[in-house]
Amino acid sequence: FGILITVLIAVALLSFIIDPNTLQSVSASMSSKYDVGEIDGKSISYTDFQAEVDEFTAINEILTGSSVQNEQQQASVRNAAWQSFIDQYLFIKNAEKAGINVGEEEMLAIISGEIESPVFSQNPMFLDENGNFSKEAVVSFVEQIDLDPSGRAKLYWDYIENAARTQQYYSKYMGLFTN
């Protein structure tokens with residue numbers, strides 16, 4: 001009986017100390033009713049999906065130079081965020097199971113232009129005045145990342161690297177079928 005009273009008193013004290021909103025957010029993060037979908041058995045929470053949408057929104061703002069988005073752009077951003085989860089939790093995972101890998105040396109070759117990637121070769125930021133891929137433009141951009149206090153350059157670089165890596169996985173995967 002003494003243990004029961006102790007537990008009741010402890011719960012009562014905790015209810016005064018802990019904010020109800022905190023308890024609700026913890027409960028929400030553990031609840032599946034806040035999941036927006038599932039990919040290969042992995043639940044995607046609304047919070048994770050919204051964080052990805054916010055990231056892709058920022059990337060879109062960097063690319064377009066405008067924070068104003070119409071419904072079509074918002075739908076495109078949401079689709080890109082969902083595709084990112086599909087790539088991460090389904091495609092790349094299965095490609096790696098099939099023996100496909102994109103290592104750091106390969107990424108350096110892509111970034112330097114030794115291996116052509118449309119993510120770099122068609123990106124206006126990395127082209128010279130003749131419209132050709134410029135390794136110097138890439139180096140210049142990378143050098144400027146730490147000088148950007150907003151963090152947008154780092155966000156964009158991470159996006160570009162991830163897009164190039166994912167594109168290389170797709171390229172290798174399609175190469176298996178064509179061979």
# chains A, B, ... in the order shown; residues from 1 in each chain; ligands from 1
>>> closest_atom_pairs(of="segment 24-118 of chain A", to="segment 134-143 of chain A", cutoff="12 Å", atoms="only C-alpha atoms", output="tab-separated table")
residue	atom	partner	partner_atom	distance
A:Leu108	CA	A:Lys135	CA	11.3
A:Ala109	CA	A:Lys135	CA	10.8
A:Ile110	CA	A:Lys135	CA	10.3
A:Ile111	CA	A:Val138	CA	7.5
A:Ser112	CA	A:Lys135	CA	5.7
A:Gly113	CA	A:Lys135	CA	6.7
A:Glu114	CA	A:Lys135	CA	9.7
A:Ile115	CA	A:Lys135	CA	11.9
A:Glu116	CA	A:Lys135	CA	11.6
>>> select_by_dssp(residues="segment 50-164 of chain A", states="helix (DSSP H, G or I)", output="tab-separated table (two decimals) with N, CA and C atoms, in the first residue's frame")
chain	number	residue	atom	x	y	z
A	50	GLN	N	8.00	16.90	-42.77
A	50	GLN	CA	7.97	18.36	-42.82
A	50	GLN	C	9.37	18.94	-42.81
A	51	ALA	N	10.29	18.32	-42.06
A	51	ALA	CA	11.68	18.78	-42.07
A	51	ALA	C	12.29	18.64	-43.47
A	52	GLU	N	11.98	17.55	-44.14
A	52	GLU	CA	12.47	17.33	-45.51
A	52	GLU	C	11.83	18.34	-46.47
A	53	VAL	N	10.55	18.61	-46.30
A	53	VAL	CA	9.86	19.62	-47.13
A	53	VAL	C	10.49	20.99	-46.90
A	54	ASP	N	10.78	21.33	-45.66
A	54	ASP	CA	11.41	22.62	-45.36
A	54	ASP	C	12.78	22.73	-46.03
A	55	GLU	N	13.53	21.63	-46.00
A	55	GLU	CA	14.84	21.63	-46.64
A	55	GLU	C	14.71	21.82	-48.15
A	56	PHE	N	13.79	21.10	-48.77
A	56	PHE	CA	13.60	21.24	-50.21
A	56	PHE	C	13.01	22.61	-50.57
A	57	THR	N	12.23	23.19	-49.68
A	57	THR	CA	11.73	24.54	-49.90
A	57	THR	C	12.89	25.53	-49.93
A	58	ALA	N	13.81	25.38	-48.99
A	58	ALA	CA	14.99	26.26	-48.96
A	58	ALA	C	15.84	26.07	-50.22
A	59	ILE	N	16.00	24.83	-50.67
A	59	ILE	CA	16.75	24.56	-51.90
A	59	ILE	C	16.05	25.23	-53.08
A	60	ASN	N	14.74	25.12	-53.14
A	60	ASN	CA	13.97	25.75	-54.22
A	60	ASN	C	14.15	27.27	-54.19
A	61	GLU	N	14.17	27.85	-53.00
A	61	GLU	CA	14.39	29.29	-52.88
A	61	GLU	C	15.77	29.68	-53.38
A	62	ILE	N	16.77	28.85	-53.10
A	62	ILE	CA	18.13	29.12	-53.58
A	62	ILE	C	18.16	29.06	-55.10
A	63	LEU	N	17.51	28.05	-55.67
A	63	LEU	CA	17.54	27.85	-57.12
A	63	LEU	C	16.75	28.92	-57.87
A	64	THR	N	15.60	29.30	-57.32
A	64	THR	CA	14.75	30.26	-58.03
A	64	THR	C	15.00	31.70	-57.62
A	71	GLU	N	1.00	26.85	-55.83
A	71	GLU	CA	0.59	25.50	-55.43
A	71	GLU	C	1.37	24.43	-56.20
A	72	GLN	N	1.66	24.69	-57.46
A	72	GLN	CA	2.41	23.72	-58.27
A	72	GLN	C	3.83	23.55	-57.74
A	73	GLN	N	4.49	24.65	-57.35
A	73	GLN	CA	5.83	24.55	-56.78
A	73	GLN	C	5.80	23.83	-55.43
A	74	GLN	N	4.78	24.10	-54.63
A	74	GLN	CA	4.67	23.43	-53.34
A	74	GLN	C	4.47	21.93	-53.53
A	75	ALA	N	3.66	21.55	-54.50
A	75	ALA	CA	3.45	20.13	-54.79
A	75	ALA	C	4.75	19.49	-55.26
A	76	SER	N	5.49	20.21	-56.08
A	76	SER	CA	6.78	19.71	-56.57
A	76	SER	C	7.76	19.51	-55.42
A	77	VAL	N	7.78	20.44	-54.48
A	77	VAL	CA	8.66	20.34	-53.31
A	77	VAL	C	8.26	19.13	-52.46
A	78	ARG	N	6.97	18.95	-52.23
A	78	ARG	CA	6.51	17.79	-51.44
A	78	ARG	C	6.86	16.48	-52.14
A	79	ASN	N	6.71	16.44	-53.46
A	79	ASN	CA	7.07	15.23	-54.22
A	79	ASN	C	8.56	14.95	-54.13
A	80	ALA	N	9.38	16.01	-54.22
A	80	ALA	CA	10.83	15.83	-54.11
A	80	ALA	C	11.21	15.32	-52.72
A	81	ALA	N	10.55	15.82	-51.71
A	81	ALA	CA	10.82	15.36	-50.34
A	81	ALA	C	10.46	13.88	-50.19
A	82	TRP	N	9.31	13.49	-50.73
A	82	TRP	CA	8.90	12.09	-50.64
A	82	TRP	C	9.85	11.20	-51.45
A	83	GLN	N	10.26	11.66	-52.64
A	83	GLN	CA	11.20	10.89	-53.45
A	83	GLN	C	12.52	10.71	-52.72
A	84	SER	N	12.92	11.70	-51.96
A	84	SER	CA	14.14	11.59	-51.17
A	84	SER	C	14.05	10.45	-50.16
A	85	PHE	N	12.89	10.31	-49.52
A	85	PHE	CA	12.69	9.19	-48.60
A	85	PHE	C	12.69	7.85	-49.35
A	86	ILE	N	12.07	7.82	-50.52
A	86	ILE	CA	12.07	6.58	-51.31
A	86	ILE	C	13.49	6.20	-51.69
A	87	ASP	N	14.26	7.18	-52.13
A	87	ASP	CA	15.66	6.91	-52.49
A	87	ASP	C	16.44	6.38	-51.28
A	88	GLN	N	16.26	7.05	-50.16
A	88	GLN	CA	17.01	6.71	-48.95
A	88	GLN	C	16.62	5.35	-48.38
A	89	TYR	N	15.33	5.11	-48.23
A	89	TYR	CA	14.88	3.91	-47.52
A	89	TYR	C	14.59	2.70	-48.41
A	90	LEU	N	14.48	2.92	-49.70
A	90	LEU	CA	14.14	1.81	-50.57
A	90	LEU	C	15.18	1.59	-51.67
A	91	PHE	N	15.35	2.59	-52.53
A	91	PHE	CA	16.18	2.39	-53.69
A	91	PHE	C	17.66	2.15	-53.34
A	92	ILE	N	18.27	3.05	-52.61
A	92	ILE	CA	19.70	2.92	-52.31
A	92	ILE	C	19.95	1.67	-51.47
A	93	LYS	N	19.07	1.41	-50.54
A	93	LYS	CA	19.20	0.21	-49.70
A	93	LYS	C	19.20	-1.05	-50.58
A	94	ASN	N	18.27	-1.12	-51.53
A	94	ASN	CA	18.20	-2.29	-52.40
A	94	ASN	C	19.34	-2.32	-53.42
A	95	ALA	N	19.77	-1.16	-53.87
A	95	ALA	CA	20.91	-1.12	-54.79
A	95	ALA	C	22.16	-1.64	-54.09
A	96	GLU	N	22.35	-1.26	-52.83
A	96	GLU	CA	23.50	-1.75	-52.08
A	96	GLU	C	23.41	-3.26	-51.84
A	97	LYS	N	22.19	-3.77	-51.63
A	97	LYS	CA	22.02	-5.22	-51.50
A	97	LYS	C	22.42	-5.93	-52.79
A	104	GLU	N	33.62	7.21	-51.68
A	104	GLU	CA	34.15	8.57	-51.59
A	104	GLU	C	35.06	8.90	-52.77
A	105	GLU	N	35.89	7.94	-53.19
A	105	GLU	CA	36.77	8.20	-54.35
A	105	GLU	C	35.94	8.47	-55.60
A	106	GLU	N	34.87	7.73	-55.76
A	106	GLU	CA	33.98	7.93	-56.89
A	106	GLU	C	33.30	9.30	-56.82
A	107	MET	N	32.90	9.70	-55.62
A	107	MET	CA	32.29	11.03	-55.46
A	107	MET	C	33.29	12.13	-55.79
A	108	LEU	N	34.55	11.96	-55.39
A	108	LEU	CA	35.57	12.95	-55.74
A	108	LEU	C	35.75	13.02	-57.25
A	109	ALA	N	35.68	11.88	-57.92
A	109	ALA	CA	35.80	11.86	-59.38
A	109	ALA	C	34.59	12.56	-60.02
A	110	ILE	N	33.43	12.41	-59.45
A	110	ILE	CA	32.23	13.08	-59.96
A	110	ILE	C	32.35	14.59	-59.76
A	111	ILE	N	32.75	14.99	-58.57
A	111	ILE	CA	32.87	16.42	-58.26
A	111	ILE	C	33.93	17.08	-59.14
A	112	SER	N	35.02	16.37	-59.39
A	112	SER	CA	36.10	16.95	-60.19
A	112	SER	C	35.81	16.90	-61.69
A	118	PRO	N	25.25	14.66	-64.59
A	118	PRO	CA	24.42	15.80	-64.98
A	118	PRO	C	24.13	16.75	-63.83
A	119	VAL	N	24.21	16.26	-62.62
A	119	VAL	CA	23.98	17.12	-61.46
A	119	VAL	C	25.01	18.25	-61.43
A	120	PHE	N	26.24	17.95	-61.83
A	120	PHE	CA	27.28	18.97	-61.87
A	120	PHE	C	27.40	19.59	-63.26
A	121	SER	N	27.40	18.74	-64.30
A	121	SER	CA	27.67	19.24	-65.65
A	121	SER	C	26.55	20.11	-66.21
A	124	PRO	N	24.04	25.38	-63.62
A	124	PRO	CA	24.56	26.68	-64.06
A	124	PRO	C	25.64	27.27	-63.14
A	125	MET	N	25.63	26.90	-61.87
A	125	MET	CA	26.63	27.42	-60.94
A	125	MET	C	28.04	26.89	-61.23
A	126	PHE	N	28.10	25.74	-61.92
A	126	PHE	CA	29.38	25.09	-62.14
A	126	PHE	C	29.80	25.09	-63.61
A	135	LYS	N	35.69	22.85	-63.19
A	135	LYS	CA	36.14	22.38	-61.89
A	135	LYS	C	36.47	23.56	-60.99
A	136	GLU	N	37.00	24.63	-61.59
A	136	GLU	CA	37.34	25.83	-60.83
A	136	GLU	C	36.10	26.46	-60.18
A	137	ALA	N	34.98	26.41	-60.89
A	137	ALA	CA	33.73	26.95	-60.33
A	137	ALA	C	33.29	26.13	-59.13
A	138	VAL	N	33.48	24.83	-59.20
A	138	VAL	CA	33.13	23.96	-58.07
A	138	VAL	C	34.03	24.28	-56.88
A	139	VAL	N	35.34	24.38	-57.15
A	139	VAL	CA	36.30	24.69	-56.08
A	139	VAL	C	35.98	26.04	-55.46
A	140	SER	N	35.67	27.02	-56.30
A	140	SER	CA	35.33	28.36	-55.80
A	140	SER	C	34.08	28.31	-54.93
A	141	PHE	N	33.07	27.55	-55.35
A	141	PHE	CA	31.85	27.43	-54.57
A	141	PHE	C	32.14	26.79	-53.22
A	142	VAL	N	32.92	25.70	-53.22
A	142	VAL	CA	33.24	24.99	-51.98
A	142	VAL	C	34.01	25.90	-51.02
A	143	GLU	N	34.91	26.70	-51.57
A	143	GLU	CA	35.68	27.62	-50.73
A	143	GLU	C	34.80	28.68	-50.08
A	144	GLN	N	33.70	29.03	-50.71
A	144	GLN	CA	32.79	30.06	-50.21
A	144	GLN	C	31.80	29.54	-49.17
A	145	ILE	N	31.70	28.24	-49.03
A	145	ILE	CA	30.69	27.66	-48.12
A	145	ILE	C	30.86	28.16	-46.70
A	152	ARG	N	23.08	28.66	-46.13
A	152	ARG	CA	22.39	28.24	-47.35
A	152	ARG	C	23.35	27.59	-48.34
A	153	ALA	N	24.58	28.07	-48.40
A	153	ALA	CA	25.56	27.47	-49.32
A	153	ALA	C	25.86	26.04	-48.90
A	154	LYS	N	25.99	25.79	-47.61
A	154	LYS	CA	26.24	24.44	-47.10
A	154	LYS	C	25.03	23.54	-47.38
A	155	LEU	N	23.84	24.07	-47.17
A	155	LEU	CA	22.62	23.33	-47.46
A	155	LEU	C	22.56	22.94	-48.94
A	156	TYR	N	22.89	23.90	-49.80
A	156	TYR	CA	22.86	23.63	-51.24
A	156	TYR	C	23.94	22.62	-51.63
A	157	TRP	N	25.12	22.75	-51.07
A	157	TRP	CA	26.20	21.81	-51.38
A	157	TRP	C	25.83	20.39	-50.94
A	158	ASP	N	25.27	20.26	-49.75
A	158	ASP	CA	24.84	18.94	-49.28
A	158	ASP	C	23.79	18.35	-50.22
A	159	TYR	N	22.88	19.20	-50.67
A	159	TYR	CA	21.85	18.77	-51.62
A	159	TYR	C	22.49	18.30	-52.93
A	160	ILE	N	23.43	19.07	-53.46
A	160	ILE	CA	24.10	18.73	-54.72
A	160	ILE	C	24.86	17.42	-54.58
A	161	GLU	N	25.60	17.27	-53.51
A	161	GLU	CA	26.35	16.03	-53.29
A	161	GLU	C	25.42	14.82	-53.20
A	162	ASN	N	24.34	14.95	-52.43
A	162	ASN	CA	23.39	13.86	-52.28
A	162	ASN	C	22.72	13.54	-53.61
A	163	ALA	N	22.36	14.57	-54.37
A	163	ALA	CA	21.73	14.36	-55.67
A	163	ALA	C	22.69	13.65	-56.63
A	164	ALA	N	23.96	14.04	-56.61
A	164	ALA	CA	24.95	13.39	-57.48
A	164	ALA	C	25.17	11.94	-57.09
>>> atom_distance(atom1="atom CA of Tyr34 of chain A", atom2="atom CA of Phe49 of chain A")
10.5 Å
>>> atom_distance(atom1="atom CA of Gly41 of chain A", atom2="atom CA of Asn21 of chain A")
29.3 Å
>>> atom_distance(atom1="atom CA of Asp48 of chain A", atom2="atom CA of Asp146 of chain A")
26.6 Å
>>> select_by_dssp(residues="segment 7-133 of chain A", states="strand (DSSP E)", output="PyMOL selection string")
chain A and resi 35-39+42-45
>>> decode(residues="segment 46-60 of chain A", atoms="all heavy atoms", output="CSV table (one decimal), in the first residue's frame")
chain,number,residue,atom,x,y,z
A,46,TYR,N,5.2,12.7,-39.6
A,46,TYR,CA,4.9,14.1,-40.2
A,46,TYR,C,6.1,15.0,-39.9
A,46,TYR,O,6.5,15.8,-40.7
A,46,TYR,CB,3.6,14.6,-39.5
A,46,TYR,CG,3.4,16.0,-39.9
A,46,TYR,CD1,2.9,16.3,-41.2
A,46,TYR,CD2,3.7,17.1,-39.1
A,46,TYR,CE1,2.6,17.6,-41.6
A,46,TYR,CE2,3.5,18.4,-39.5
A,46,TYR,CZ,3.0,18.7,-40.7
A,46,TYR,OH,2.8,20.0,-41.1
A,47,THR,N,6.7,14.9,-38.7
A,47,THR,CA,7.8,15.8,-38.3
A,47,THR,C,9.0,15.6,-39.3
A,47,THR,O,9.6,16.6,-39.8
A,47,THR,CB,8.2,15.5,-36.9
A,47,THR,OG1,7.1,15.6,-36.0
A,47,THR,CG2,9.3,16.5,-36.4
A,48,ASP,N,9.3,14.4,-39.6
A,48,ASP,CA,10.5,14.1,-40.5
A,48,ASP,C,10.1,14.6,-41.9
A,48,ASP,O,11.0,15.1,-42.6
A,48,ASP,CB,10.8,12.6,-40.5
A,48,ASP,CG,11.4,12.1,-39.2
A,48,ASP,OD1,11.9,12.9,-38.4
A,48,ASP,OD2,11.3,10.9,-38.9
A,49,PHE,N,8.9,14.3,-42.3
A,49,PHE,CA,8.5,14.7,-43.7
A,49,PHE,C,8.5,16.2,-43.8
A,49,PHE,O,9.0,16.8,-44.8
A,49,PHE,CB,7.1,14.1,-44.0
A,49,PHE,CG,6.6,14.5,-45.4
A,49,PHE,CD1,7.2,14.0,-46.5
A,49,PHE,CD2,5.6,15.4,-45.5
A,49,PHE,CE1,6.8,14.3,-47.8
A,49,PHE,CE2,5.2,15.8,-46.8
A,49,PHE,CZ,5.8,15.2,-47.9
A,50,GLN,N,8.0,16.9,-42.8
A,50,GLN,CA,8.0,18.4,-42.8
A,50,GLN,C,9.4,18.9,-42.8
A,50,GLN,O,9.6,19.9,-43.5
A,50,GLN,CB,7.1,18.9,-41.7
A,50,GLN,CG,6.9,20.4,-41.8
A,50,GLN,CD,6.2,20.8,-43.1
A,50,GLN,OE1,5.2,20.2,-43.4
A,50,GLN,NE2,6.7,21.8,-43.7
A,51,ALA,N,10.3,18.3,-42.1
A,51,ALA,CA,11.7,18.8,-42.1
A,51,ALA,C,12.3,18.6,-43.5
A,51,ALA,O,13.0,19.5,-43.9
A,51,ALA,CB,12.5,18.0,-41.1
A,52,GLU,N,12.0,17.5,-44.1
A,52,GLU,CA,12.5,17.3,-45.5
A,52,GLU,C,11.8,18.3,-46.5
A,52,GLU,O,12.5,18.9,-47.3
A,52,GLU,CB,12.2,15.9,-45.9
A,52,GLU,CG,12.9,15.4,-47.1
A,52,GLU,CD,14.4,15.1,-46.8
A,52,GLU,OE1,14.8,15.1,-45.7
A,52,GLU,OE2,15.1,14.8,-47.8
A,53,VAL,N,10.5,18.6,-46.3
A,53,VAL,CA,9.9,19.6,-47.1
A,53,VAL,C,10.5,21.0,-46.9
A,53,VAL,O,10.7,21.7,-47.9
A,53,VAL,CB,8.3,19.6,-46.8
A,53,VAL,CG1,7.7,20.9,-47.4
A,53,VAL,CG2,7.7,18.4,-47.3
A,54,ASP,N,10.8,21.3,-45.7
A,54,ASP,CA,11.4,22.6,-45.4
A,54,ASP,C,12.8,22.7,-46.0
A,54,ASP,O,13.1,23.8,-46.6
A,54,ASP,CB,11.5,22.8,-43.8
A,54,ASP,CG,10.2,23.0,-43.2
A,54,ASP,OD1,9.2,23.3,-43.8
A,54,ASP,OD2,10.2,22.9,-41.9
A,55,GLU,N,13.5,21.6,-46.0
A,55,GLU,CA,14.8,21.6,-46.6
A,55,GLU,C,14.7,21.8,-48.2
A,55,GLU,O,15.4,22.6,-48.8
A,55,GLU,CB,15.6,20.3,-46.3
A,55,GLU,CG,17.0,20.3,-46.8
A,55,GLU,CD,17.7,19.1,-46.4
A,55,GLU,OE1,17.7,18.7,-45.2
A,55,GLU,OE2,18.4,18.4,-47.2
A,56,PHE,N,13.8,21.1,-48.8
A,56,PHE,CA,13.6,21.2,-50.2
A,56,PHE,C,13.0,22.6,-50.6
A,56,PHE,O,13.3,23.1,-51.6
A,56,PHE,CB,12.7,20.1,-50.8
A,56,PHE,CG,13.6,18.9,-51.1
A,56,PHE,CD1,13.7,17.9,-50.1
A,56,PHE,CD2,14.2,18.7,-52.3
A,56,PHE,CE1,14.5,16.8,-50.4
A,56,PHE,CE2,14.9,17.6,-52.6
A,56,PHE,CZ,15.1,16.6,-51.7
A,57,THR,N,12.2,23.2,-49.7
A,57,THR,CA,11.7,24.5,-49.9
A,57,THR,C,12.9,25.5,-49.9
A,57,THR,O,13.0,26.4,-50.8
A,57,THR,CB,10.7,24.9,-48.8
A,57,THR,OG1,9.6,24.0,-48.9
A,57,THR,CG2,10.2,26.3,-49.0
A,58,ALA,N,13.8,25.4,-49.0
A,58,ALA,CA,15.0,26.3,-49.0
A,58,ALA,C,15.8,26.1,-50.2
A,58,ALA,O,16.3,27.0,-50.8
A,58,ALA,CB,15.8,26.0,-47.7
A,59,ILE,N,16.0,24.8,-50.7
A,59,ILE,CA,16.7,24.6,-51.9
A,59,ILE,C,16.0,25.2,-53.1
A,59,ILE,O,16.7,25.9,-53.9
A,59,ILE,CB,16.9,23.0,-52.2
A,59,ILE,CG1,17.7,22.4,-51.1
A,59,ILE,CG2,17.5,22.8,-53.5
A,59,ILE,CD1,19.1,22.8,-50.9
A,60,ASN,N,14.7,25.1,-53.1
A,60,ASN,CA,14.0,25.7,-54.2
A,60,ASN,C,14.2,27.3,-54.2
A,60,ASN,O,14.3,27.9,-55.2
A,60,ASN,CB,12.5,25.4,-54.1
A,60,ASN,CG,11.7,25.8,-55.3
A,60,ASN,OD1,12.1,25.5,-56.5
A,60,ASN,ND2,10.6,26.5,-55.1
